[in-house]
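Engineer: Following this message is one structure expressed as structure tokens.
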Amino acid sequence: MNQTSGISRPSKDGTDWPALLKDNSRTGGQGTATARAPDHARWQIRLGSSIRSAPVLRDGVLYVAAVGGTLHAIDAQNGLSKWKFQAAGQIHSTPSLCGNKALFGCDDGKVYAVNCDSGAKVWEAAVSGEVWTSPVVRNGVVFFGSADARLYAVDAETGGKRWAQEFGGRIYSTPFATEKQLYFGCGDGNVYSVDMTSGKLLWRASTGNGIDSSPAVTVETVLIGSEDFFFYALDANTGAVRWKYETGLGIASSPAVAGDLAIIGSKDGYLYALEIQTGRLRWKTQVSEVVTAPPVVGDGVVCIQAGGLVALDLVSGRVVWRAGLGGAVQSAPVLTGDVIYLVSLDGEVYALE
Amino acid sequence: MDRRTFVKGTFLGGAGLLLHGFAVRAQSDASAPALPPIETHGLPQVKPSPLGMPGLFPGRVVEVSNANAIARNRVAQPEIKVMIERGMKELTSESSLPAAWARFIGPADVVGIKINPSGAPACCSSPEIIREIVGGVQSVGVPASNIFIYDRYAYEIDVGSYQALVPPGVRVVGIQDAFSGLAGYDMNVYCQANFFGEWETRSYMASIVAHGVTKIINVPTMKDHSASGVTGCLKNLGYGTFNNVARSHRPPYSFTDPLIAVMCSVEPLRSKAVLHIMDGMRQVWHGGPLTQVQDFIHPAGTLYLGTDPVAIDTVELEAIEQKRQKEGAPSVWEHDPASITSNYQEFFHNPSKNLFYRRPGHIAAAGKLGLGIADLKQIDHRRIA
């Protein structure tokens with residue numbers, strides 16, 4: 001973890017998973033995590049509340065936000081609770097880890113920063129709408145969108161407001177931060193790029209319907225899905241459409257980047273692997289009736305929570321194993337190589353090995 | 001009516017209604033269990049509203065069709081805007097759209113928009129329609145923060161991405177966190193019946209309906225339903241307001257008739273449901289309510305507007321019957337034991353198969369409870385193309 005910049009980076013051994021889709025590069029994993037078919041649960045716990053966000057992991061602690069409003073810190077070795085923090089509203093936001101703080105958005109219109117050792121609140125930043133996006137940290141600033149149609153920047157140490165910028169719709173798309181720019185989708189159907197220091201609009205690109213998907217950015221290309229059924233590749237500097245690929249229904253899933261491929265799910269039930277440069281379909285595989293969650297990528301394997309946990313061969317798209325647990329709308333597993341950490345809609349947390 | 005009302009065969013009026021049901025059973029599913037008494041316990045001291053079902057225009061159904069409203073499975077927002085404006089004006093005979101909305105909603109109202117996200121994403125209340133309704137409600141002065149888009153299951157709302165797609169400021173509420181939980185329900189308002197020996201015999205009314213909103217705009221979808229024949233206005237309201245409703249149908253038998261109707265008659269649900277706009281952009285003619293099989297989803301491009309849910313559902317039932325007949329599928333009234341399957345895949349992919357003996361009689365039952373007009377001949381069905 002880079003303490004000075006507050007960037008959510010993976011640890012040297014690759015097992016840490018401090019942010020949505022692993023880290024700020026939003027690759028959705030990769031590394032050497034093999035994601036072998038699990039044959040048993042190291043542990044399993046029930047939190048007593050639905051879970052609709054993804055877990056994150058660092059230094060042997062799994063952080064899980066439950067809809068009931070509790071952030072749980074769980075010993076990844078044995079599943080025992082280290083501490084709990086109770087927020088005032090429901091939580092749909094995937095936590096992110098910054099320095100010694102766990103950050104998450106809440107339906108009470110606040111983003112909370114909680115000390116990772118004690119579970120004590122460090123700060124809270126109040127806005128005027130619920131926050132379902134995962135806080136993204138870059139250069140000591142936390143960025144998040146809200147249902148109040150604003151994108152916010154607050155200080156990572158204090159929660160003090162840096163800037164807020166209003167857009168045309170609700171923001172449920174977690175922004176992607178590069179060195180100078182932020183990218184996110186919006187309920188008004190636009191993909192926006194804004195200046196990181198001011199929130200000033202740099203460009204916008206229209207799609208045919210609202211956006212629930214969170215973007216990934218790689219090789220100067222913004223990758224994002226829309227409810228208009230299309231998956232878009234946009235020029236990161238101008239917003240110009242480089243290519244778009246039509247799926248069978250809307251896209252709420254967020255892409256994972258695996259080498260030269262973007263992996264994305266669609267509500268039509270398929271997982272698609274598209275070449276980032278060209279938009280050419282490498283493979284598509286039906287994994288369930290509906291896919292809304294983001295995929296993650298292990299060593300040669302793509303995992304997605306769709307009905308249960310499904311693993312596909314990254315090269316061919318062939319389903320290599322299924323685990324009949326882990327039903328989810330927007331959650332994604334954490335892959336560490338030895339263990340797969342998984343949460344489910346009905347409030348279960350699993351460590352599978 | 002007394003606070004504690006026992007709904008039995010006689011109350012439902014029942015000689016005709018019950019005899020109809022028994023007659024069907026005698027032809028085919030003679031072993032079906034008998035209808036038990038249904039006890040309802042509404043919110044006390046509710047003064048019935050003249051806007052409540054059947055509302056300002058009993059028996060009137062405005063059908064607005066537009067072939068361009070849905071293309072390549074996408075709903076066209078500009079077309080929806082025009083269709084709702086035309087439909088609202090026709091329904092109310094008002095010359096302006098805000099005046100039409102003002103017949104039902106006032107600035108001080110807290111408005112619930114009851115969506116149907118079950119079946120998402122293949123067939124659910126279209127966000128494009130919800131956006132226009134929100135705009136209409138706001139046009140009479142209701143602030144966005146007093147508009148609640150709601151349904152029972154939060155995860156189904158998530159699958160439909162409604163949170164991201166509706167206008168800023170409005171609230172999106174899932175009554176239940178996951179698959180169980182009573183926190184969102186008023187334990188003093190309920191329907192009670194023991195249909196199949198189930199452990200929990202009560203179904204409780206959602207608190208957002210009992211106490212949270214003052215008016216409800218109902219936005220059902222147009223679907224065949226494996227147990228109730230169709231899921232329309234009445235089922236979206238009744239089974240979307242009370243919990244623990246799946247217990248009313250146990251393959252192959254169903255007591256959705258009359259439970260759906262009875263639930264809709266319970267105050268304050270009956271008084272608060274002032275307008276119904278059925279989303280007929282997609283017409284599911286087999287496999288409802290949860291099918292994702294596009295083969296049985298017809299892009300009808302139609303809206304039905306009215307204040308009388310019984311009349312709208314009667315028209316809907318007729319339309320689905322016609323579509324099934326055209327496609328060679330058996331009537332939703334058919335009770336042939338050979339049609340019953342316990343194989344979900346077979347059911348979803350074969351229109352001749354079903355999980356239950358369907359019971360669309362809840363529509364007529366609602367008519368007998370005074371919620372509207374179920375006789376097609378008496379319905380003022382206005383078509384706008």
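Convention: chains lettered A, B, ... in structure tokens order; per-chain residue numbering from 1; ligands numbered from 1 as shown.
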Should the cut-off be 10 Å, what would the residue list for chain B against chain A look like, counting only C-alpha atoms, as an MDAnalysis selection string?
Structural biologist: chainID B and resid 72:77 120:122 127:128 154:156 158:171 176:181 291:293
Engineer: When you look at Val154 (chain A) with a cut-off of 6 Å (counting only C-alpha atoms), what residues show up, excluding the ones that are within fewer than 2 positions of it in the same chain? I need them as an MDAnalysis selection string.
Structural biologist: chainID A and resid 141:142 159:162
Engineer: Distance CA of Phe231 (chain A)-CA of Phe176 (chain A), one decimal place?
Structural biologist: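 Pair CA of Phe231 (chain A) / CA of Phe176 (chain A) returns 16.4 Å.
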Engineer: Please run DSSP on the backbone and report, as a compact mmCIF listing (two decimals) with N, CA and C atoms, in the first residue's frame, all residues within region 149-349 of chain B that come out as helix (DSSP H, G or I).
Structural biologist:
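For reference, out_14.txt as written:
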# COMPACT_ATOMS: atom_id res chain seq x y z
N ALA B 154 -35.61 -5.82 -2.85
CA ALA B 154 -34.55 -4.88 -3.20
C ALA B 154 -33.64 -5.45 -4.29
N TYR B 155 -33.34 -6.75 -4.22
CA TYR B 155 -32.39 -7.30 -5.19
C TYR B 155 -32.98 -7.31 -6.59
N GLU B 156 -34.30 -7.44 -6.70
CA GLU B 156 -34.90 -7.39 -8.04
C GLU B 156 -34.83 -5.97 -8.60
N ILE B 157 -34.98 -4.99 -7.72
CA ILE B 157 -34.82 -3.59 -8.15
C ILE B 157 -33.39 -3.38 -8.64
N ASP B 158 -32.43 -3.97 -7.92
CA ASP B 158 -31.03 -3.85 -8.32
C ASP B 158 -30.81 -4.42 -9.72
N VAL B 159 -31.38 -5.60 -9.96
CA VAL B 159 -31.18 -6.24 -11.27
C VAL B 159 -31.72 -5.34 -12.38
N TYR B 162 -32.81 0.18 -11.47
CA TYR B 162 -33.67 1.35 -11.34
C TYR B 162 -32.97 2.49 -10.61
N GLN B 163 -32.16 2.15 -9.60
CA GLN B 163 -31.52 3.23 -8.83
C GLN B 163 -30.75 4.18 -9.72
N ALA B 164 -30.07 3.60 -10.69
CA ALA B 164 -29.23 4.44 -11.54
C ALA B 164 -30.04 5.16 -12.62
N LEU B 165 -31.19 4.62 -12.95
CA LEU B 165 -31.87 5.07 -14.17
C LEU B 165 -32.98 6.08 -13.93
N SER B 207 -45.11 -1.41 5.31
CA SER B 207 -45.28 -0.16 6.04
C SER B 207 -45.29 1.04 5.11
N ILE B 208 -44.54 0.97 4.02
CA ILE B 208 -44.51 2.12 3.11
C ILE B 208 -45.90 2.35 2.52
N VAL B 209 -46.67 1.28 2.35
CA VAL B 209 -48.04 1.41 1.85
C VAL B 209 -48.98 1.84 2.98
N ALA B 210 -48.83 1.21 4.13
CA ALA B 210 -49.73 1.51 5.24
C ALA B 210 -49.55 2.93 5.76
N HIS B 211 -48.30 3.40 5.78
CA HIS B 211 -48.03 4.66 6.46
C HIS B 211 -47.17 5.64 5.66
N GLY B 212 -46.38 5.15 4.74
CA GLY B 212 -45.36 6.01 4.14
C GLY B 212 -45.85 6.90 3.02
N CYS B 233 -52.50 -5.40 -12.86
CA CYS B 233 -52.66 -4.37 -11.82
C CYS B 233 -52.88 -5.00 -10.45
N LEU B 234 -53.81 -5.94 -10.39
CA LEU B 234 -54.20 -6.46 -9.09
C LEU B 234 -53.08 -7.27 -8.43
N LYS B 235 -52.45 -8.10 -9.19
CA LYS B 235 -51.40 -8.90 -8.58
C LYS B 235 -50.21 -8.04 -8.21
N ASN B 236 -49.87 -7.08 -9.04
CA ASN B 236 -48.73 -6.20 -8.70
C ASN B 236 -49.00 -5.44 -7.41
N LEU B 237 -50.24 -5.06 -7.21
CA LEU B 237 -50.59 -4.35 -5.97
C LEU B 237 -50.66 -5.29 -4.78
N GLY B 238 -51.44 -6.33 -4.92
CA GLY B 238 -51.70 -7.22 -3.78
C GLY B 238 -50.46 -7.96 -3.33
N ALA B 246 -46.15 -16.35 -1.55
CA ALA B 246 -45.88 -17.54 -2.36
C ALA B 246 -46.61 -18.76 -1.78
N ARG B 247 -46.94 -18.68 -0.51
CA ARG B 247 -47.63 -19.80 0.13
C ARG B 247 -49.03 -20.02 -0.43
N SER B 248 -49.56 -19.07 -1.21
CA SER B 248 -50.91 -19.21 -1.73
C SER B 248 -50.98 -20.17 -2.92
N THR B 256 -54.40 -18.04 -5.49
CA THR B 256 -54.25 -16.63 -5.89
C THR B 256 -55.62 -16.02 -6.14
N ASP B 257 -56.55 -16.84 -6.61
CA ASP B 257 -57.96 -16.50 -6.63
C ASP B 257 -58.59 -17.12 -5.41
N PRO B 258 -59.02 -16.36 -4.42
CA PRO B 258 -59.29 -14.93 -4.46
C PRO B 258 -58.28 -14.07 -3.70
N LEU B 259 -57.14 -14.65 -3.24
CA LEU B 259 -56.31 -13.90 -2.29
C LEU B 259 -55.84 -12.55 -2.86
N ILE B 260 -55.48 -12.54 -4.15
CA ILE B 260 -55.02 -11.27 -4.75
C ILE B 260 -56.10 -10.21 -4.60
N ALA B 261 -57.31 -10.58 -4.92
CA ALA B 261 -58.42 -9.62 -4.85
C ALA B 261 -58.66 -9.16 -3.42
N VAL B 262 -58.64 -10.11 -2.52
CA VAL B 262 -58.88 -9.76 -1.11
C VAL B 262 -57.82 -8.79 -0.62
N MET B 263 -56.58 -9.04 -0.95
CA MET B 263 -55.50 -8.15 -0.49
C MET B 263 -55.68 -6.73 -1.02
N CYS B 264 -56.11 -6.63 -2.27
CA CYS B 264 -56.30 -5.29 -2.85
C CYS B 264 -57.45 -4.53 -2.19
N LEU B 269 -54.59 0.22 1.32
CA LEU B 269 -54.15 -0.02 -0.06
C LEU B 269 -55.24 0.38 -1.04
N ARG B 270 -56.47 -0.03 -0.74
CA ARG B 270 -57.55 0.24 -1.69
C ARG B 270 -57.69 1.73 -1.96
N SER B 271 -57.63 2.54 -0.93
CA SER B 271 -57.86 3.97 -1.10
C SER B 271 -56.68 4.70 -1.73
N LYS B 272 -55.48 4.18 -1.49
CA LYS B 272 -54.30 4.92 -1.95
C LYS B 272 -53.97 4.66 -3.42
N GLN B 294 -36.91 -15.03 -24.45
CA GLN B 294 -37.43 -13.98 -25.33
C GLN B 294 -38.46 -14.51 -26.34
N ASP B 295 -38.46 -15.83 -26.58
CA ASP B 295 -39.39 -16.40 -27.56
C ASP B 295 -40.85 -16.13 -27.20
N PHE B 296 -41.12 -15.95 -25.94
CA PHE B 296 -42.50 -15.79 -25.49
C PHE B 296 -42.79 -14.37 -25.00
N PRO B 309 -58.49 -1.11 -11.77
CA PRO B 309 -57.53 -2.19 -12.04
C PRO B 309 -58.22 -3.46 -12.55
N VAL B 310 -59.47 -3.63 -12.18
CA VAL B 310 -60.19 -4.82 -12.62
C VAL B 310 -60.45 -4.74 -14.13
N ALA B 311 -60.85 -3.58 -14.56
CA ALA B 311 -61.11 -3.41 -15.99
C ALA B 311 -59.83 -3.57 -16.81
N ILE B 312 -58.75 -2.98 -16.33
CA ILE B 312 -57.49 -3.10 -17.08
C ILE B 312 -57.06 -4.57 -17.13
N ASP B 313 -57.14 -5.25 -16.00
CA ASP B 313 -56.72 -6.66 -15.99
C ASP B 313 -57.63 -7.53 -16.85
N THR B 314 -58.89 -7.17 -16.93
CA THR B 314 -59.81 -7.92 -17.79
C THR B 314 -59.39 -7.78 -19.25
N VAL B 315 -59.04 -6.56 -19.63
CA VAL B 315 -58.57 -6.32 -21.00
C VAL B 315 -57.24 -7.04 -21.23
N GLU B 316 -56.38 -6.98 -20.24
CA GLU B 316 -55.08 -7.66 -20.35
C GLU B 316 -55.27 -9.17 -20.53
N LEU B 317 -56.14 -9.73 -19.71
CA LEU B 317 -56.39 -11.17 -19.77
C LEU B 317 -56.88 -11.57 -21.16
N GLU B 318 -57.76 -10.77 -21.70
CA GLU B 318 -58.28 -11.03 -23.04
C GLU B 318 -57.15 -10.97 -24.08
N ALA B 319 -56.29 -9.98 -23.94
CA ALA B 319 -55.19 -9.82 -24.91
C ALA B 319 -54.22 -11.00 -24.83
N ILE B 320 -53.91 -11.44 -23.62
CA ILE B 320 -52.99 -12.57 -23.48
C ILE B 320 -53.64 -13.86 -23.98
N GLU B 321 -54.91 -14.00 -23.71
CA GLU B 321 -55.63 -15.16 -24.24
C GLU B 321 -55.56 -15.18 -25.77
N GLN B 322 -55.79 -14.03 -26.37
CA GLN B 322 -55.77 -13.96 -27.84
C GLN B 322 -54.37 -14.29 -28.38
N LYS B 323 -53.36 -13.76 -27.70
CA LYS B 323 -51.99 -14.01 -28.15
C LYS B 323 -51.65 -15.49 -28.02
N ARG B 324 -52.03 -16.09 -26.91
CA ARG B 324 -51.77 -17.52 -26.72
C ARG B 324 -52.50 -18.35 -27.78
N GLN B 325 -53.73 -17.97 -28.05
CA GLN B 325 -54.50 -18.69 -29.07
C GLN B 325 -53.80 -18.59 -30.42
N LYS B 326 -53.35 -17.39 -30.73
CA LYS B 326 -52.67 -17.16 -32.02
C LYS B 326 -51.39 -17.99 -32.12
N PRO B 337 -54.87 -31.96 -16.58
CA PRO B 337 -53.78 -32.52 -15.79
C PRO B 337 -52.53 -32.83 -16.63
N ALA B 338 -52.72 -33.10 -17.90
CA ALA B 338 -51.57 -33.41 -18.76
C ALA B 338 -50.68 -32.20 -19.00
N SER B 339 -51.22 -31.02 -18.72
CA SER B 339 -50.42 -29.81 -18.95
C SER B 339 -49.48 -29.52 -17.78
N TYR B 344 -39.07 -27.12 -14.30
CA TYR B 344 -39.07 -25.70 -14.62
C TYR B 344 -38.56 -25.43 -16.03
N GLN B 345 -37.57 -26.16 -16.46
CA GLN B 345 -37.06 -25.94 -17.80
C GLN B 345 -38.13 -26.27 -18.85
N GLU B 346 -38.86 -27.34 -18.59
CA GLU B 346 -39.94 -27.70 -19.51
C GLU B 346 -41.00 -26.59 -19.53
N PHE B 347 -41.34 -26.12 -18.34
CA PHE B 347 -42.32 -25.04 -18.25
C PHE B 347 -41.84 -23.79 -19.00
N PHE B 348 -40.62 -23.40 -18.77
CA PHE B 348 -40.16 -22.15 -19.37
C PHE B 348 -40.09 -22.22 -20.90
N HIS B 349 -39.90 -23.43 -21.42
CA HIS B 349 -39.67 -23.54 -22.86
C HIS B 349 -40.82 -24.18 -23.63
Engineer: So which residues touch region 132-136 of chain B within 7 Å, counting only C-alpha atoms, skipping near sequence neighbours fewer than 6 positions away, as a PDB file with C-alpha atoms, in the first residue's frame?
Structural biologist:
ATOM      1  CA  LYS B  81     -43.649  10.659 -23.401  1.00  0.00           C
ATOM      2  CA  PRO B  98     -50.514  18.761 -15.675  1.00  0.00           C
ATOM      3  CA  TRP B 101     -52.068  14.483 -13.304  1.00  0.00           C
TER       4      TRP B 101
END
Engineer: Tell me which of B:Val62, B:Ala34, B:Ile84, B:Ala374 sits closest to Tyr304 (chain B), counting only C-alpha atoms.
Structural biologist: B:Val62
